[in-house]
$ cat entry.pdb   # PDB, C-alpha atoms
ATOM      1  CA  MET B   1     -27.235 144.230   3.740
ATOM      2  CA  ASN B   2     -25.251 140.973   3.670
ATOM      3  CA  GLU B   3     -25.407 138.733   0.626
ATOM      4  CA  ALA B   4     -26.885 135.285   1.258
ATOM      5  CA  ARG B   5     -24.260 132.559   1.683
ATOM      6  CA  ILE B   6     -25.443 129.859  -0.713
ATOM      7  CA  ILE B   7     -23.679 126.674  -1.820
ATOM      8  CA  SER B   8     -24.575 124.006  -4.365
ATOM      9  CA  GLY B   9     -23.003 120.615  -4.753
ATOM     10  CA  MET B  10     -23.421 116.901  -5.099
ATOM     11  CA  ALA B  11     -24.845 115.557  -1.839
ATOM     12  CA  THR B  12     -24.538 111.924  -2.914
ATOM     13  CA  THR B  13     -23.946 109.956  -6.094
ATOM     14  CA  ASN B  14     -24.358 106.379  -7.227
ATOM     15  CA  ALA B  15     -20.557 105.871  -7.204
ATOM     16  CA  VAL B  16     -18.875 103.362  -4.924
ATOM     17  CA  ASP B  17     -17.660 105.295  -1.886
ATOM     18  CA  ARG B  18     -14.457 104.890   0.113
ATOM     19  CA  SER B  19     -16.176 102.292   2.313
ATOM     20  CA  GLY B  20     -17.119 100.209  -0.735
ATOM     21  CA  ASP B  21     -20.800 101.111  -0.370
ATOM     22  CA  VAL B  22     -23.267 102.602  -2.854
ATOM     23  CA  ILE B  23     -26.182 104.879  -2.002
ATOM     24  CA  ASP B  24     -28.882 104.849  -4.683
ATOM     25  CA  PRO B  25     -29.892 108.492  -5.195
ATOM     26  CA  LEU B  26     -33.183 107.402  -6.765
ATOM     27  CA  GLY B  27     -34.075 105.589  -3.528
ATOM     28  CA  ALA B  28     -33.287 108.561  -1.291
ATOM     29  CA  LYS B  29     -36.136 110.036   0.724
ATOM     30  CA  PHE B  30     -35.902 113.489   2.245
ATOM     31  CA  LYS B  31     -37.947 116.545   3.048
ATOM     32  CA  THR B  32     -36.527 120.024   2.685
ATOM     33  CA  PRO B  33     -35.575 122.026   4.558
ATOM     34  CA  PHE B  34     -33.149 119.914   6.569
ATOM     35  CA  PRO B  35     -29.984 120.832   8.525
ATOM     36  CA  LEU B  36     -26.617 121.748   7.017
ATOM     37  CA  LEU B  37     -23.981 120.736   9.553
ATOM     38  CA  LEU B  38     -20.236 121.127   9.886
ATOM     39  CA  GLN B  39     -18.355 117.785   9.892
ATOM     40  CA  HIS B  40     -21.518 115.791  10.847
ATOM     41  CA  ASP B  41     -21.504 117.464  14.274
ATOM     42  CA  HIS B  42     -25.154 117.661  15.303
ATOM     43  CA  SER B  43     -24.277 120.382  17.795
ATOM     44  CA  THR B  44     -22.877 122.573  14.984
ATOM     45  CA  PRO B  45     -25.619 123.534  12.533
ATOM     46  CA  ILE B  46     -24.348 126.092  10.047
ATOM     47  CA  GLY B  47     -27.350 126.432   7.751
ATOM     48  CA  THR B  48     -30.241 124.774   5.987
ATOM     49  CA  VAL B  49     -30.561 122.647   2.867
ATOM     50  CA  THR B  50     -33.259 124.429   0.905
ATOM     51  CA  ARG B  51     -33.452 122.379  -2.264
ATOM     52  CA  VAL B  52     -32.423 118.943  -3.560
ATOM     53  CA  GLN B  53     -32.678 118.001  -7.212
ATOM     54  CA  ARG B  54     -32.799 114.294  -7.961
ATOM     55  CA  MET B  55     -30.688 113.218 -10.946
ATOM     56  CA  SER B  56     -30.010 109.695 -12.211
ATOM     57  CA  HIS B  57     -26.395 109.795 -10.974
ATOM     58  CA  GLY B  58     -26.847 111.803  -7.783
ATOM     59  CA  LEU B  59     -28.532 114.471  -5.712
ATOM     60  CA  LEU B  60     -27.685 118.117  -6.384
ATOM     61  CA  ALA B  61     -28.252 120.079  -3.174
ATOM     62  CA  THR B  62     -28.519 123.804  -2.539
ATOM     63  CA  ALA B  63     -28.035 125.115   0.979
ATOM     64  CA  GLU B  64     -27.863 128.476   2.692
ATOM     65  CA  LEU B  65     -25.531 129.165   5.578
ATOM     66  CA  VAL B  66     -26.812 131.306   8.439
ATOM     67  CA  PRO B  67     -26.149 135.055   8.124
ATOM     68  CA  PRO B  68     -22.760 136.453   9.191
ATOM     69  CA  GLY B  69     -22.407 136.890  12.932
ATOM     70  CA  VAL B  70     -25.033 134.288  13.897
ATOM     71  CA  SER B  71     -22.560 131.430  14.284
ATOM     72  CA  GLU B  72     -18.787 131.625  14.625
ATOM     73  CA  GLU B  73     -18.521 128.092  13.208
ATOM     74  CA  ALA B  74     -20.609 129.053  10.146
ATOM     75  CA  ASP B  75     -18.477 132.162   9.603
ATOM     76  CA  LYS B  76     -15.286 130.065   9.708
ATOM     77  CA  ALA B  77     -16.819 127.411   7.455
ATOM     78  CA  TRP B  78     -17.881 130.060   4.923
ATOM     79  CA  GLY B  79     -14.362 131.477   4.792
ATOM     80  CA  LEU B  80     -12.918 127.994   4.252
ATOM     81  CA  ILE B  81     -15.520 127.225   1.555
ATOM     82  CA  GLN B  82     -14.691 130.446  -0.276
ATOM     83  CA  ALA B  83     -10.970 129.682  -0.042
ATOM     84  CA  GLY B  84     -11.548 126.173  -1.428
ATOM     85  CA  ALA B  85     -10.126 124.511   1.694
ATOM     86  CA  LEU B  86     -13.451 123.022   2.817
ATOM     87  CA  ARG B  87     -15.267 121.545  -0.156
ATOM     88  CA  GLY B  88     -16.490 118.031   0.662
ATOM     89  CA  LEU B  89     -20.147 117.167   1.164
ATOM     90  CA  SER B  90     -21.528 114.151   2.999
ATOM     91  CA  ILE B  91     -25.010 113.021   3.917
ATOM     92  CA  GLY B  92     -26.295 111.723   7.209
ATOM     93  CA  PHE B  93     -28.836 109.004   6.477
ATOM     94  CA  ARG B  94     -30.817 106.082   7.831
ATOM     95  CA  PRO B  95     -30.920 102.898   5.731
ATOM     96  CA  LEU B  96     -34.421 101.811   4.728
ATOM     97  CA  GLU B  97     -33.605  99.024   2.236
ATOM     98  CA  LEU B  98     -30.254  97.460   1.567
ATOM     99  CA  SER B  99     -28.690  94.640  -0.393
ATOM    100  CA  GLU B 100     -25.272  93.080  -0.749
ATOM    101  CA  GLY B 101     -23.077  94.867  -3.267
ATOM    102  CA  LYS B 102     -19.883  93.831  -5.039
ATOM    103  CA  THR B 103     -17.640  95.697  -2.606
ATOM    104  CA  GLY B 104     -19.930  96.551   0.299
ATOM    105  CA  ILE B 105     -23.529  97.472   1.017
ATOM    106  CA  ASN B 106     -25.958  98.869  -1.546
ATOM    107  CA  TYR B 107     -28.326 101.272   0.166
ATOM    108  CA  ASP B 108     -31.287 100.866  -2.186
ATOM    109  CA  ALA B 109     -33.498 103.189  -0.138
ATOM    110  CA  SER B 110     -32.508 105.627   2.588
ATOM    111  CA  GLU B 111     -33.790 108.585   4.551
ATOM    112  CA  ILE B 112     -31.500 111.621   4.377
ATOM    113  CA  TYR B 113     -31.753 113.755   7.508
ATOM    114  CA  GLU B 114     -28.721 116.064   7.198
ATOM    115  CA  LEU B 115     -26.022 117.286   4.835
ATOM    116  CA  SER B 116     -22.586 118.192   6.118
ATOM    117  CA  VAL B 117     -19.759 120.252   4.758
ATOM    118  CA  VAL B 118     -16.731 118.056   5.472
ATOM    119  CA  THR B 119     -12.995 118.005   4.938
ATOM    120  CA  VAL B 120     -12.931 114.482   3.472
ATOM    121  CA  PRO B 121     -16.197 113.024   2.154
ATOM    122  CA  CYS B 122     -16.765 109.265   2.122
ATOM    123  CA  ASN B 123     -17.962 109.614  -1.492
ATOM    124  CA  ALA B 124     -15.142 111.318  -3.388
ATOM    125  CA  ASP B 125     -17.626 112.634  -5.984
ATOM    126  CA  CYS B 126     -19.488 114.730  -3.404
ATOM    127  CA  TYR B 127     -18.245 118.277  -3.133
ATOM    128  CA  VAL B 128     -19.260 121.926  -3.294
ATOM    129  CA  ILE B 129     -19.334 122.920  -6.952
ATOM    130  CA  ALA B 130     -20.360 126.554  -6.529
ATOM    131  CA  HIS B 131     -21.162 129.210  -3.976
ATOM    132  CA  ASN B 132     -23.300 132.381  -3.960
ATOM    133  CA  THR B 133     -24.260 133.648  -7.436
ATOM    134  CA  GLU B 134     -22.566 130.683  -9.080
ATOM    135  CA  ALA B 135     -24.735 128.342  -6.981
ATOM    136  CA  LYS B 136     -27.875 129.987  -8.331
ATOM    137  CA  ALA B 137     -26.576 129.576 -11.882
ATOM    138  CA  VAL B 138     -25.785 125.891 -11.277
ATOM    139  CA  ARG B 139     -29.301 125.278 -10.010
ATOM    140  CA  LYS B 140     -30.782 127.093 -13.013
ATOM    141  CA  ARG B 141     -28.610 125.265 -15.544
ATOM    142  CA  ALA B 142     -29.344 121.886 -13.989
ATOM    143  CA  THR B 143     -33.082 122.423 -14.417
ATOM    144  CA  GLU B 144     -33.046 123.874 -17.943
ATOM    145  CA  LYS B 145     -34.049 121.655 -20.828
ATOM    146  CA  PRO B 146     -31.264 121.299 -23.382
ATOM    147  CA  SER B 147     -31.674 123.149 -26.656
ATOM    148  CA  GLY B 148     -29.495 122.283 -29.595
ATOM    149  CA  MET B 149     -25.976 121.462 -28.427
ATOM    150  CA  THR B 150     -26.169 123.089 -24.993
ATOM    151  CA  GLN B 151     -26.652 120.338 -22.460
ATOM    152  CA  VAL B 152     -25.270 120.699 -18.964
ATOM    153  CA  ASP B 153     -23.470 117.596 -17.726
ATOM    154  CA  VAL B 154     -22.948 117.694 -13.971
ATOM    155  CA  SER B 155     -21.965 114.047 -13.704
ATOM    156  CA  PRO B 156     -18.801 113.352 -11.748
ATOM    157  CA  THR B 157     -17.402 111.397 -14.708
ATOM    158  CA  ALA B 158     -17.860 114.216 -17.211
ATOM    159  CA  PRO B 159     -14.732 115.057 -19.224
ATOM    160  CA  SER B 160     -12.492 118.099 -18.837
ATOM    161  CA  ARG B 161     -11.739 118.782 -15.188
ATOM    162  CA  THR B 162      -9.255 121.540 -15.932
ATOM    163  CA  LEU B 163     -11.295 124.712 -15.533
ATOM    164  CA  LYS B 164     -11.406 126.841 -12.407
ATOM    165  CA  PRO B 165     -10.567 124.810  -9.316
ATOM    166  CA  PHE B 166     -13.414 124.456  -6.826
ATOM    167  CA  PHE B 167     -16.205 124.504  -9.420
ATOM    168  CA  HIS B 168     -17.371 121.585 -11.530
ATOM    169  CA  PRO B 169     -15.931 122.364 -14.987
ATOM    170  CA  ASN B 170     -18.915 121.282 -17.029
ATOM    171  CA  LEU B 171     -21.272 123.821 -15.503
ATOM    172  CA  TYR B 172     -19.782 126.802 -17.351
TER     173      TYR B 172
END

$ encode --input "entry.pdb" --output "structure tokens"
Amino acid sequence: MNEARIISGMATTNAVDRSGDVIDPLGAKFKTPFPLLLQHDHSTPIGTVTRVQRMSHGLLATAELVPPGVSEEADKAWGLIQAGALRGLSIGFRPLELSEGKTGINYDASEIYELSVVTVPCNADCYVIAHNTEAKAVRKRATEKPSGMTQVDVSPTAPSRTLKPFFHPNLY
């Protein structure tokens, strides 16, 4: 039996993106499940977003790629994800409310209708932070209430980015 191909990562954050725009994660509307695509190509679905956790600084998404052998594109994408060569995430969305920002548009409310695994995300803080069993652990840690000194910080500005490449260092 094949192991499920699961990824977790930041789908969007409240950081200014490469276009100068900001998407407010608290104003994002979505309904899971929704499509996981490759490079925003609507003709290339590779899986399904199964869960999105809203955080003040962003949306932590969990998605499952289709089983091996179902899609050649998904199989290639999975290999590239595991190798760390394909790690960006990017949302497809429809603006619902917007305002003028300092450097571009502030999307105060939006409807998210897809998540894509991409080579270069518009928001540099959006990337795959874990896959398979690590993805399950990330989801669990992000939902646990802190006890004592053990608080998980998954913010993109968290210190110490020197642990294992490919995974967000503050989730260990």

$ closest_atom_pairs --input "entry.pdb" --of "region 87-128 of chain B" --to "region 24-43 of chain B" --cutoff "7 Å" --atoms "only C-alpha atoms" --output "JSON lines"
{"residue": "B:Tyr107", "atom": "CA", "partner": "B:Asp24", "partner_atom": "CA", "distance": 6.1}
{"residue": "B:Asp108", "atom": "CA", "partner": "B:Asp24", "partner_atom": "CA", "distance": 5.3}
{"residue": "B:Ala109", "atom": "CA", "partner": "B:Gly27", "partner_atom": "CA", "distance": 4.2}
{"residue": "B:Ser110", "atom": "CA", "partner": "B:Ala28", "partner_atom": "CA", "distance": 4.9}
{"residue": "B:Glu111", "atom": "CA", "partner": "B:Lys29", "partner_atom": "CA", "distance": 4.7}
{"residue": "B:Ile112", "atom": "CA", "partner": "B:Phe30", "partner_atom": "CA", "distance": 5.2}
{"residue": "B:Tyr113", "atom": "CA", "partner": "B:Phe34", "partner_atom": "CA", "distance": 6.4}
{"residue": "B:Glu114", "atom": "CA", "partner": "B:Pro35", "partner_atom": "CA", "distance": 5.1}
{"residue": "B:Leu115", "atom": "CA", "partner": "B:Leu36", "partner_atom": "CA", "distance": 5.0}
{"residue": "B:Ser116", "atom": "CA", "partner": "B:Leu37", "partner_atom": "CA", "distance": 4.5}
{"residue": "B:Val117", "atom": "CA", "partner": "B:Leu38", "partner_atom": "CA", "distance": 5.2}
{"residue": "B:Val118", "atom": "CA", "partner": "B:Gln39", "partner_atom": "CA", "distance": 4.7}

$ residues_around --input "entry.pdb" --residues "region 5-7 of chain B" --least-positions-apart "3" --cutoff "7 Å" --atoms "only C-alpha atoms" --output "number ranges by chain"
B: 62-65, 128, 130-132, 135

$ residues_around --input "entry.pdb" --residues "Tyr127 (chain B)" --least-positions-apart "2" --cutoff "7 Å" --atoms "all atoms listed in the file" --output "ChimeraX atom specification"
/B:9-10,87-89,125,129

$ atom_distance --input "entry.pdb" --atom1 "CA of Val49 (chain B)" --atom2 "CA of Gly20 (chain B)"
26.4 Å

$ resolve_selection --input "entry.pdb" --expression "the PyMOL selection byres ((chain B and resi 14) around 9)" --output "list in words"
Thr12, Thr13, Ala15, Val16, Asp17, Val22, Ile23, Asp24, Pro25, Leu26, Ser56, His57 and Gly58 of chain B

$ atom_distance --input "entry.pdb" --atom1 "CA of Glu97 (chain B)" --atom2 "CA of Val52 (chain B)"
20.8 Å

$ atom_distance --input "entry.pdb" --atom1 "CA of Val66 (chain B)" --atom2 "CA of Pro45 (chain B)"
8.9 Å

$ residues_around --input "entry.pdb" --residues "Asp75 (chain B)" --least-positions-apart "3" --cutoff "12 Å" --atoms "all atoms listed in the file" --output "ChimeraX atom specification"
/B:5,38,44-47,65-72,78-82

$ closest_residue --input "entry.pdb" --among "B:Ser8, B:Thr50, B:Asn2, B:Ser19" --to "Gly104 (chain B)" --atoms "only C-alpha atoms"
B:Ser19

$ closest_residue --input "entry.pdb" --among "B:Gly92, B:Thr103, B:Glu73, B:Ala11" --to "Arg54 (chain B)" --atoms "only C-alpha atoms"
B:Ala11

$ closest_residue --input "entry.pdb" --among "B:Ser90, B:Leu60, B:Ala77, B:Arg51" --to "Pro121 (chain B)" --atoms "only C-alpha atoms"
B:Ser90
